file run.txt (compact mmCIF, C-alpha atoms)
# COMPACT_ATOMS: atom_id res chain seq x y z
CA MET A 522 133.15 97.69 77.94
CA GLY A 523 133.23 94.24 76.39
CA ILE A 524 135.84 93.00 78.87
CA PHE A 525 133.86 94.54 81.72
CA LEU A 526 130.73 92.65 80.67
CA PHE A 527 132.67 89.43 80.13
CA LYS A 528 134.08 89.54 83.65
CA ARG A 529 130.63 90.19 85.04
CA PHE A 530 129.29 87.24 83.04
CA LEU A 531 131.91 84.91 84.51
CA ASN A 532 131.03 86.00 88.02
CA TYR A 533 127.34 85.48 87.41
CA ALA A 534 127.95 82.09 85.75
CA VAL A 535 129.85 80.80 88.79
CA LEU A 536 127.07 81.99 91.09
CA LEU A 537 124.50 80.31 88.83
CA VAL A 538 126.26 76.93 89.01
CA VAL A 539 126.48 77.17 92.81
CA ALA A 540 122.82 78.19 93.09
CA VAL A 541 121.58 75.36 90.87
CA ASN A 542 123.53 72.74 92.82
CA LEU A 543 122.28 74.11 96.13
CA SER A 544 118.74 74.01 94.73
CA TRP A 545 119.20 70.35 93.85
CA LEU A 546 120.54 69.59 97.33
CA LEU A 547 117.59 71.32 98.96
CA ALA A 548 115.01 69.66 96.70
CA ALA A 549 116.56 66.20 96.98
CA THR A 550 116.60 66.31 100.78
CA GLN A 551 113.25 68.02 101.42
CA LEU A 552 110.91 66.62 98.75
CA ASP A 553 109.59 63.08 99.00
CA PRO A 554 108.64 61.51 95.63
CA ARG A 555 108.11 58.15 97.34
CA SER A 556 105.05 59.50 99.13
CA LEU A 557 103.24 59.87 95.79
CA TYR A 558 103.37 56.11 95.27
CA GLU A 559 102.68 55.12 98.88
CA VAL A 560 99.26 56.80 98.91
CA ALA A 561 98.17 55.19 95.63
CA ASN A 562 94.94 53.22 95.60
CA PRO A 563 95.16 50.31 95.03
CA PRO A 564 98.52 50.02 96.85
CA ILE A 565 101.65 49.54 94.77
CA ASP A 566 104.19 46.87 95.58
CA PRO A 567 107.16 48.44 97.48
CA VAL A 568 109.62 46.74 95.15
CA SER A 569 107.93 48.32 92.12
CA ILE A 570 107.99 51.71 93.84
CA GLU A 571 111.70 51.41 94.49
CA ASN A 572 112.42 50.32 90.93
CA ASN A 573 110.46 53.24 89.51
CA LEU A 574 112.24 55.73 91.74
CA ARG A 575 115.67 54.29 90.94
CA SER A 576 114.98 54.39 87.20
CA ARG A 577 114.29 58.13 87.57
CA ASN A 578 117.17 58.81 89.98
CA LEU A 579 114.74 59.77 92.75
CA SER A 580 115.18 56.99 95.29
CA ASP A 581 116.10 58.19 98.78
CA ALA A 582 117.61 54.73 99.36
CA VAL A 583 120.47 55.68 97.01
CA PRO A 584 123.20 57.77 98.66
CA LEU A 585 122.85 61.50 98.02
CA HIS A 586 126.23 61.90 96.35
CA GLN A 587 125.49 59.12 93.86
CA ARG A 588 122.21 60.73 92.85
CA TRP A 589 124.00 64.05 92.44
CA LEU A 590 126.64 62.47 90.19
CA VAL A 591 124.00 60.87 87.96
CA TRP A 592 122.00 64.11 87.80
CA SER A 593 124.96 66.38 87.04
CA ARG A 594 126.46 63.96 84.49
CA ALA A 595 123.18 63.79 82.58
CA ILE A 596 123.00 67.60 82.39
CA VAL A 597 126.61 68.09 81.31
CA THR A 598 126.72 65.30 78.73
CA GLU A 599 123.14 65.17 77.41
CA TRP A 600 121.45 68.34 78.70
CA ASP A 601 118.89 66.04 80.31
CA TRP A 602 117.20 67.52 83.41
CA GLY A 603 115.71 64.19 84.43
CA GLN A 604 112.19 62.85 84.83
CA SER A 605 109.31 63.65 87.11
CA PRO A 606 108.02 61.00 89.56
CA ARG A 607 105.26 60.21 87.06
CA GLY A 608 107.73 59.62 84.24
CA SER A 609 107.43 62.72 82.03
CA ARG A 610 110.62 64.40 80.84
CA VAL A 611 111.33 67.69 82.59
CA GLN A 612 113.08 69.08 79.52
CA ASP A 613 109.92 68.67 77.43
CA GLU A 614 107.90 70.63 79.97
CA ILE A 615 110.51 73.40 80.16
CA ASP A 616 110.74 73.72 76.36
CA ARG A 617 106.98 74.04 76.07
CA ARG A 618 106.41 76.42 78.99
CA ILE A 619 109.27 78.88 78.47
CA TRP A 620 107.70 80.47 75.42
CA VAL A 621 104.33 80.65 77.14
CA SER A 622 105.92 82.76 79.88
CA VAL A 623 107.77 84.87 77.33
CA ARG A 624 104.56 85.69 75.46
CA LEU A 625 102.68 86.37 78.68
CA ILE A 626 105.20 88.56 80.46
CA THR A 627 107.35 90.41 77.92
CA LEU A 628 104.85 92.93 76.55
CA GLY A 629 103.22 93.71 79.90
CA SER A 630 106.56 94.19 81.62
CA LEU A 631 107.91 96.52 78.96
CA LEU A 632 104.74 98.60 78.82
CA GLY A 633 104.53 98.76 82.61
CA ALA A 634 108.13 99.90 82.98
CA LEU A 635 107.84 102.49 80.20
CA LEU A 636 104.59 103.89 81.57
CA GLY A 637 106.00 103.90 85.10
CA VAL A 638 109.07 105.88 84.02
CA VAL A 639 106.91 108.43 82.21
CA ILE A 640 104.54 108.82 85.17
CA GLY A 641 107.39 108.97 87.69
CA THR A 642 109.24 111.62 85.70
CA TRP A 643 106.04 113.65 85.19
CA THR A 644 105.07 113.60 88.87
CA ALA A 645 108.58 114.42 90.05
CA ALA A 646 108.70 117.48 87.81
CA ARG A 647 105.32 118.56 89.26
CA GLN A 648 105.91 117.73 92.91
CA TYR A 649 102.93 118.46 95.22
CA GLN A 650 100.73 119.62 92.35
CA LEU A 651 97.29 118.10 91.82
CA SER A 652 98.49 115.77 89.04
CA ASP A 653 101.30 114.52 91.30
CA LYS A 654 98.89 113.78 94.16
CA MET A 655 96.36 112.02 91.95
CA LEU A 656 98.91 109.83 90.17
CA THR A 657 100.69 109.09 93.45
CA PHE A 658 97.39 107.93 94.97
CA ALA A 659 96.69 105.74 91.92
CA ALA A 660 100.18 104.22 92.10
CA LEU A 661 99.90 103.47 95.82
CA LEU A 662 96.50 101.90 95.20
CA GLY A 663 98.01 99.70 92.47
CA LEU A 664 100.80 98.63 94.80
CA SER A 665 98.43 97.90 97.68
CA VAL A 666 96.02 95.68 95.76
CA PRO A 667 97.26 92.07 95.27
CA SER A 668 97.90 90.98 91.71
CA PHE A 669 95.23 88.30 91.75
CA VAL A 670 92.63 90.86 92.83
CA ILE A 671 93.54 93.13 89.91
CA ALA A 672 93.34 90.17 87.52
CA SER A 673 89.99 89.07 88.93
CA VAL A 674 88.52 92.59 88.66
CA LEU A 675 89.68 92.84 85.05
CA GLN A 676 88.03 89.51 84.28
CA ILE A 677 84.76 90.67 85.83
CA MET A 678 84.87 93.92 83.85
CA ALA A 679 85.71 92.06 80.63
CA THR A 680 82.81 89.65 81.17
CA TRP A 681 80.44 92.58 81.71
CA ILE A 682 81.65 94.30 78.53
CA ASN A 683 81.28 91.09 76.52
CA GLU A 684 77.74 90.56 77.78
CA SER A 685 76.79 94.20 77.25
CA THR A 686 78.07 94.31 73.69
CA GLY A 687 77.08 90.76 72.78
CA THR A 688 80.60 90.01 71.56
CA ARG A 689 83.62 87.96 72.62
CA PHE A 690 86.08 90.81 72.36
CA PHE A 691 87.86 89.90 75.60
CA GLU A 692 89.16 86.36 75.98
CA PHE A 693 90.93 85.32 79.15
CA VAL A 694 90.99 81.52 79.36
CA GLY A 695 94.17 80.00 77.98
CA GLU A 696 96.45 81.20 75.22
CA THR A 697 94.16 80.51 72.29
CA GLY A 698 90.55 79.65 71.55
CA SER A 699 88.32 79.10 68.58
CA HIS A 700 89.08 81.33 65.61
CA GLY A 701 88.34 81.52 61.94
CA ASN A 702 90.52 80.54 59.02
CA GLY A 703 91.00 84.02 57.60
CA PHE A 704 94.27 85.88 57.26
CA GLY A 705 95.68 86.70 60.71
CA ALA A 706 92.82 85.00 62.58
CA GLU A 707 95.15 83.04 64.86
CA PHE A 708 97.25 86.13 65.57
CA VAL A 709 94.19 88.18 66.49
CA ASP A 710 92.96 85.35 68.71
CA ARG A 711 96.25 85.30 70.62
CA LEU A 712 96.11 89.07 71.04
CA GLN A 713 92.62 88.79 72.51
CA HIS A 714 93.83 86.26 75.06
CA LEU A 715 96.91 88.33 75.89
CA MET A 716 95.00 91.58 76.33
CA LEU A 717 93.85 91.18 79.94
CA PRO A 718 97.02 89.64 81.44
CA THR A 719 99.08 92.27 79.61
CA LEU A 720 96.87 95.01 81.05
CA ALA A 721 97.18 93.53 84.55
CA LEU A 722 100.98 93.34 84.32
CA THR A 723 101.11 96.85 82.87
CA ILE A 724 99.11 98.24 85.81
CA LEU A 725 101.33 96.49 88.35
CA GLY A 726 104.55 97.51 86.59
CA ALA A 727 103.48 101.11 86.11
CA ALA A 728 102.53 101.44 89.79
CA PHE A 729 105.86 100.02 90.94
CA PHE A 730 108.17 101.84 88.55
CA SER A 731 106.40 105.16 88.89
CA ARG A 732 107.22 105.21 92.59
CA ILE A 733 110.82 104.15 91.96
CA GLN A 734 111.30 106.68 89.16
CA ARG A 735 109.68 109.54 91.09
CA SER A 736 111.89 109.02 94.13
CA ILE A 737 115.09 108.80 92.11
CA MET A 738 114.04 111.66 89.86
CA LEU A 739 113.51 113.98 92.83
CA ASP A 740 117.08 113.30 93.96
CA SER A 741 118.36 114.00 90.46
CA LEU A 742 116.43 117.26 90.17
CA SER A 743 118.04 118.57 93.35
CA SER A 744 121.57 117.55 92.34
CA ASP A 745 124.38 119.99 91.57
CA TYR A 746 124.71 119.13 87.88
CA VAL A 747 121.04 119.95 87.21
CA ARG A 748 121.29 123.24 89.07
CA THR A 749 124.47 124.06 87.13
CA ALA A 750 122.73 123.30 83.84
CA ARG A 751 119.84 125.56 84.81
CA ALA A 752 122.26 128.33 85.86
CA LYS A 753 123.88 128.17 82.41
CA GLY A 754 120.54 129.01 80.82
CA LEU A 755 119.20 125.56 79.98
CA ARG A 756 115.42 125.36 80.10
CA LYS A 757 113.82 123.22 82.82
CA SER A 758 112.47 120.68 80.35
CA GLN A 759 115.87 120.33 78.67
CA ALA A 760 117.64 119.95 82.01
CA ILE A 761 115.20 117.24 83.02
CA ILE A 762 115.55 115.25 79.81
CA ARG A 763 119.28 115.66 79.16
CA HIS A 764 120.58 115.36 82.71
CA ALA A 765 118.10 114.39 85.44
CA LEU A 766 116.24 111.74 83.45
CA ARG A 767 119.39 110.15 82.03
CA MET A 768 121.01 109.74 85.44
CA SER A 769 117.81 108.59 87.15
CA LEU A 770 117.39 105.84 84.55
CA ILE A 771 120.55 104.11 85.82
CA PRO A 772 119.06 102.71 89.07
CA THR A 773 115.63 102.34 87.45
CA SER A 774 117.08 100.19 84.68
CA THR A 775 118.67 97.94 87.29
CA TYR A 776 115.33 97.49 89.03
CA PHE A 777 113.70 96.76 85.69
CA ALA A 778 116.26 94.15 84.63
CA PHE A 779 115.97 92.16 87.83
CA SER A 780 112.19 92.51 88.17
CA VAL A 781 111.59 91.20 84.65
CA ALA A 782 113.97 88.29 85.29
CA THR A 783 112.13 87.20 88.43
CA LEU A 784 108.69 87.68 86.83
CA PHE A 785 109.23 84.65 84.61
CA VAL A 786 108.97 82.30 87.57
CA GLY A 787 107.03 84.62 89.87
CA ALA A 788 103.90 85.22 87.79
CA ALA A 789 102.18 82.10 89.05
CA PHE A 790 98.98 83.94 90.01
CA MET A 791 98.64 85.45 86.55
CA GLU A 792 99.25 82.13 84.84
CA ILE A 793 96.78 80.27 87.03
CA LEU A 794 94.03 82.90 86.79
CA PHE A 795 94.36 83.23 83.01
CA SER A 796 95.06 79.50 82.42
CA PHE A 797 98.50 80.07 80.92
CA HIS A 798 100.70 77.01 81.45
CA GLY A 799 104.01 78.79 81.95
CA MET A 800 107.02 78.53 84.22
CA GLY A 801 105.34 80.07 87.27
CA SER A 802 102.53 77.52 87.43
CA TYR A 803 105.04 74.75 86.65
CA ALA A 804 107.14 75.78 89.65
CA VAL A 805 104.10 75.51 91.92
CA SER A 806 102.94 72.18 90.48
CA SER A 807 106.48 70.76 90.74
CA ILE A 808 106.67 71.55 94.44
CA LEU A 809 103.19 70.16 95.12
CA GLY A 810 103.99 67.08 93.04
CA GLN A 811 107.25 66.32 94.91
CA ASP A 812 109.07 66.68 91.59
CA VAL A 813 112.74 67.13 92.51
CA HIS A 814 113.99 67.53 88.96
CA GLY A 815 111.18 69.88 87.97
CA VAL A 816 111.89 72.15 90.94
CA VAL A 817 115.61 72.25 90.15
CA ALA A 818 115.01 72.95 86.46
CA THR A 819 112.67 75.79 87.38
CA ALA A 820 115.21 77.20 89.81
CA ALA A 821 117.88 76.94 87.11
CA PHE A 822 115.67 78.78 84.64
CA GLY A 823 115.06 81.49 87.24
CA GLY A 824 118.81 81.72 87.81
CA VAL A 825 119.43 82.13 84.08
CA CYS A 826 116.81 84.88 83.97
CA VAL A 827 118.50 86.68 86.85
CA LEU A 828 121.89 86.28 85.13
CA LEU A 829 120.55 87.76 81.91
CA GLY A 830 118.81 90.49 83.89
CA ALA A 831 122.05 91.34 85.69
CA LEU A 832 123.94 91.51 82.39
CA LEU A 833 121.20 93.67 80.91
CA ALA A 834 121.42 95.96 83.93
CA ASP A 835 125.21 96.22 83.57
CA LEU A 836 124.86 96.95 79.86
CA MET A 837 122.27 99.66 80.45
CA VAL A 838 124.30 101.24 83.25
CA ALA A 839 127.43 101.26 81.08
CA TRP A 840 125.47 102.81 78.22
CA LEU A 841 123.83 105.47 80.38
CA ASP A 842 126.91 106.33 82.46
CA PRO A 843 130.09 107.04 80.43
CA ARG A 844 132.17 106.79 83.61
CA ILE A 845 131.64 103.01 83.62
CA ARG A 846 132.93 102.67 80.06
CA LEU A 847 135.88 105.00 80.66
CA GLY A 848 136.73 103.32 83.95
CA SER A 849 136.77 99.85 82.45
CA ALA A 850 138.81 101.04 79.47
CA ALA A 851 141.33 102.71 81.76
CA ARG A 852 141.77 99.53 83.82
CA VAL A 853 142.29 97.50 80.67
CA GLY A 854 144.86 100.01 79.42
call {"tool": "encode", "arguments": {"input": "run.txt", "output": "structure tokens"}}
result
Amino acid sequence: MGIFLFKRFLNYAVLLVVAVNLSWLLAATQLDPRSLYEVANPPIDPVSIENNLRSRNLSDAVPLHQRWLVWSRAIVTEWDWGQSPRGSRVQDEIDRRIWVSVRLITLGSLLGALLGVVIGTWTAARQYQLSDKMLTFAALLGLSVPSFVIASVLQIMATWINESTGTRFFEFVGETGSHGNGFGAEFVDRLQHLMLPTLALTILGAAFFSRIQRSIMLDSLSSDYVRTARAKGLRKSQAIIRHALRMSLIPTSTYFAFSVATLFVGAAFMEILFSFHGMGSYAVSSILGQDVHGVVATAAFGGVCVLLGALLADLMVAWLDPRIRLGSAARVG
């Protein structure tokens, strides 16, 4: 299985390099950092504008291939992703924002996927019963409502609870706020700020994965190997857990791996609404700010997330399906 995963990693790495370079080409040709200086008040001398852009490798007066050589050489030799049009280092922004996104997304994504699998399995085993219909309606409602609406409703409810109880139990502005100096005060404060965005992501994830898991689970329950297990005297619950659930987790795990990977740069609404300065909001601000290097660095981070998600999916599929491990071992032999 190790060789199988290594080959997959090489394939993904090549695709990542191609994707990052195409992202740079698109950003360098479509974004216009010069426009940020030309609308300044008072006006800036054109020579100064050109010098600033050239010092940051952003001047459209320099041939495209020369800018690409400077950009790629800086990454390979110094791991330097360049500067924004305003002069800040992109690498500093990435280093600071990555962990914000990790703290914001990880717990909510895991809880949402776990809850979705449980709900999907439960409803599939009770198809057309009242519990199935009620949970299906709730899941469809969660999928139909935009994420920013769910976040806004949660904020309204949290504000009402805080005012009713006269406390500040729910906090939803930024990562941290004022807290005491006692043991664990900072940790508790972070948990309070993470509570609402985690709940919002959990609701969205549970709604999505419950529908995926239910559909796949229904196919597994009607498969030959489940019917054979039941014919041999295995109880329904045992057949579901040992056979149907295990096989249905293979496609669900693939969905989970890729959805979590893309969430890191796709949770812009959550970050903006809850004032978390993560990768999603940075991607939006980079595009609006004509920041070529920021856009490319964000795209590269998203590509790395997808690569890791793809490897995680391969690992989970190989673990859940012995045929993958045996097939790869046979080819090696």
call {"tool": "residues_around", "arguments": {"input": "run.txt", "residues": "A:His764", "least_positions_apart": "2", "cutoff": "12 Å", "atoms": "only C-alpha atoms", "output": "list of chain:residue names"}}
result
A:Met738, A:Asp740, A:Ser741, A:Leu742, A:Ser743, A:Ser744, A:Asp745, A:Tyr746, A:Val747, A:Arg748, A:Thr749, A:Ala750, A:Arg751, A:Leu755, A:Arg756, A:Lys757, A:Ser758, A:Gln759, A:Ala760, A:Ile761, A:Ile762, A:Leu766, A:Arg767, A:Met768, A:Ser769, A:Leu770, A:Ile771, A:Leu841, A:Asp842
call {"tool": "closest_residue", "arguments": {"input": "run.txt", "among": "A:Thr783, A:Ser609, A:Gln734, A:Thr697", "to": "A:His798", "atoms": "only C-alpha atoms"}}
result
A:Thr697
call {"tool": "axis_aligned_box", "arguments": {"input": "run.txt", "around": "stretch 791-806 of chain A", "padding_each_side": "5 Å", "output": "lines of an AutoDock Vina configuration file"}}
result
center_x = 100.6
center_y = 78.8
center_z = 86.4
size_x = 23.1
size_y = 23.3
size_z = 21.0
call {"tool": "closest_residue", "arguments": {"input": "run.txt", "among": "A:Ala728, A:Ile524, A:Leu574, A:Val568", "to": "A:Leu632", "atoms": "all atoms listed in the file"}}
result
A:Ala728
call {"tool": "atom_distance", "arguments": {"input": "run.txt", "atom1": "atom CA of A:Ala540", "atom2": "atom CA of A:Val827"}}
result
11.4 Å
call {"tool": "closest_residue", "arguments": {"input": "run.txt", "among": "A:Ser780, A:Ser630, A:Gln648, A:Gln811", "to": "A:Leu829", "atoms": "only C-alpha atoms"}}
result
A:Ser780
call {"tool": "atom_distance", "arguments": {"input": "run.txt", "atom1": "atom CA of A:Gly830", "atom2": "atom CA of A:Gly603"}}
result
26.5 Å
call {"tool": "residues_near_point", "arguments": {"input": "run.txt", "point": "(95.6, 84.0, 85.6)", "cutoff": "9 Å", "atoms": "all atoms listed in the file", "output": "PDB file with C-alpha atoms, keeping the file's coordinate frame"}}
result
ATOM      1  CA  PHE A 669      95.230  88.300  91.750  1.00  0.00           C
ATOM      2  CA  ALA A 672      93.340  90.170  87.520  1.00  0.00           C
ATOM      3  CA  SER A 673      89.990  89.070  88.930  1.00  0.00           C
ATOM      4  CA  PHE A 693      90.930  85.320  79.150  1.00  0.00           C
ATOM      5  CA  VAL A 694      90.990  81.520  79.360  1.00  0.00           C
ATOM      6  CA  GLY A 695      94.170  80.000  77.980  1.00  0.00           C
ATOM      7  CA  PRO A 718      97.020  89.640  81.440  1.00  0.00           C
ATOM      8  CA  ALA A 788     103.900  85.220  87.790  1.00  0.00           C
ATOM      9  CA  ALA A 789     102.180  82.100  89.050  1.00  0.00           C
ATOM     10  CA  PHE A 790      98.980  83.940  90.010  1.00  0.00           C
ATOM     11  CA  MET A 791      98.640  85.450  86.550  1.00  0.00           C
ATOM     12  CA  GLU A 792      99.250  82.130  84.840  1.00  0.00           C
ATOM     13  CA  ILE A 793      96.780  80.270  87.030  1.00  0.00           C
ATOM     14  CA  LEU A 794      94.030  82.900  86.790  1.00  0.00           C
ATOM     15  CA  PHE A 795      94.360  83.230  83.010  1.00  0.00           C
ATOM     16  CA  SER A 796      95.060  79.500  82.420  1.00  0.00           C
ATOM     17  CA  PHE A 797      98.500  80.070  80.920  1.00  0.00           C
TER      18      PHE A 797
END
call {"tool": "atom_distance", "arguments": {"input": "run.txt", "atom1": "atom CA of A:Val813", "atom2": "atom CA of A:Ser580"}}
result
10.8 Å
call {"tool": "closest_residue", "arguments": {"input": "run.txt", "among": "A:Ala839, A:Val591, A:Ala659, A:Cys826", "to": "A:Tyr533", "atoms": "all atoms listed in the file"}}
result
A:Cys826
call {"tool": "residues_around", "arguments": {"input": "run.txt", "residues": "A:Ile808", "least_positions_apart": "5", "cutoff": "12 Å", "atoms": "all atoms listed in the file", "output": "list in words"}}
result
Leu547, Ala548, Ala549, Gln551, Leu552, Asp553, Pro554, Ser605, Pro606, Gly801, Ser802, Tyr803, Val813, His814, Gly815, Val816, Val817, Ala818, Thr819 and Ala820 of chain A
call {"tool": "residues_around", "arguments": {"input": "run.txt", "residues": "A:Ile671", "least_positions_apart": "4", "cutoff": "9 Å", "atoms": "only C-alpha atoms", "output": "list in words"}}
result
Gly663, Val666, Pro667, Leu675, Gln676, Ala721, Ile724 and Leu725 of chain A
call {"tool": "residues_around", "arguments": {"input": "run.txt", "residues": "A:Ala834", "least_positions_apart": "5", "cutoff": "9 Å", "atoms": "only C-alpha atoms", "output": "count of residues only"}}
result
10
call {"tool": "residues_near_point", "arguments": {"input": "run.txt", "point": "(105.5, 94.4, 83.4)", "cutoff": "10 Å", "atoms": "only C-alpha atoms", "output": "ChimeraX atom specification"}}
result
/A:625-637,718-730,777,780-781,784
call {"tool": "residues_around", "arguments": {"input": "run.txt", "residues": "stretch 682-690 of chain A", "least_positions_apart": "6", "cutoff": "10 Å", "atoms": "only C-alpha atoms", "output": "ChimeraX atom specification"}}
result
/A:676,710,713-714,716
call {"tool": "decode", "arguments": {"input": "run.txt", "residues": "stretch 615-631 of chain A", "atoms": "N, CA and C atoms", "output": "mmCIF file, in the first residue's frame"}}
result
data_model
loop_
_atom_site.group_PDB
_atom_site.id
_atom_site.type_symbol
_atom_site.label_atom_id
_atom_site.label_comp_id
_atom_site.auth_asym_id
_atom_site.auth_seq_id
_atom_site.Cartn_x
_atom_site.Cartn_y
_atom_site.Cartn_z
ATOM 1 N N ILE A 615 0.266 34.336 5.010
ATOM 2 C CA ILE A 615 -0.094 32.915 4.917
ATOM 3 C C ILE A 615 0.206 32.208 6.240
ATOM 4 N N ASP A 616 1.391 32.461 6.797
ATOM 5 C CA ASP A 616 1.767 31.804 8.056
ATOM 6 C C ASP A 616 0.795 32.152 9.180
ATOM 7 N N ARG A 617 0.315 33.366 9.195
ATOM 8 C CA ARG A 617 -0.585 33.802 10.261
ATOM 9 C C ARG A 617 -2.004 33.264 10.053
ATOM 10 N N ARG A 618 -2.457 33.199 8.813
ATOM 11 C CA ARG A 618 -3.852 32.878 8.535
ATOM 12 C C ARG A 618 -4.129 31.373 8.450
ATOM 13 N N ILE A 619 -3.128 30.585 8.140
ATOM 14 C CA ILE A 619 -3.356 29.142 8.003
ATOM 15 C C ILE A 619 -3.923 28.560 9.289
ATOM 16 N N TRP A 620 -3.320 28.897 10.410
ATOM 17 C CA TRP A 620 -3.749 28.299 11.670
ATOM 18 C C TRP A 620 -5.098 28.835 12.116
ATOM 19 N N VAL A 621 -5.434 30.039 11.679
ATOM 20 C CA VAL A 621 -6.785 30.550 11.950
ATOM 21 C C VAL A 621 -7.816 29.672 11.255
ATOM 22 N N SER A 622 -7.558 29.336 9.983
ATOM 23 C CA SER A 622 -8.482 28.478 9.238
ATOM 24 C C SER A 622 -8.531 27.075 9.824
ATOM 25 N N VAL A 623 -7.382 26.582 10.262
ATOM 26 C CA VAL A 623 -7.352 25.239 10.857
ATOM 27 C C VAL A 623 -8.222 25.189 12.103
ATOM 28 N N ARG A 624 -8.078 26.197 12.977
ATOM 29 C CA ARG A 624 -8.882 26.210 14.203
ATOM 30 C C ARG A 624 -10.364 26.389 13.899
ATOM 31 N N LEU A 625 -10.667 27.176 12.882
ATOM 32 C CA LEU A 625 -12.062 27.453 12.571
ATOM 33 C C LEU A 625 -12.760 26.254 11.955
ATOM 34 N N ILE A 626 -12.088 25.545 11.082
ATOM 35 C CA ILE A 626 -12.761 24.574 10.215
ATOM 36 C C ILE A 626 -12.671 23.139 10.724
ATOM 37 N N THR A 627 -11.554 22.769 11.335
ATOM 38 C CA THR A 627 -11.302 21.356 11.623
ATOM 39 C C THR A 627 -12.407 20.721 12.458
ATOM 40 N N LEU A 628 -12.713 21.298 13.603
ATOM 41 C CA LEU A 628 -13.677 20.681 14.518
ATOM 42 C C LEU A 628 -15.070 20.610 13.892
ATOM 43 N N GLY A 629 -15.519 21.706 13.280
ATOM 44 C CA GLY A 629 -16.838 21.722 12.668
ATOM 45 C C GLY A 629 -16.967 20.731 11.530
ATOM 46 N N SER A 630 -15.917 20.584 10.745
ATOM 47 C CA SER A 630 -15.953 19.647 9.621
ATOM 48 C C SER A 630 -16.024 18.207 10.109
ATOM 49 N N LEU A 631 -15.205 17.882 11.103
ATOM 50 C CA LEU A 631 -15.211 16.514 11.629
ATOM 51 C C LEU A 631 -16.549 16.167 12.274
#
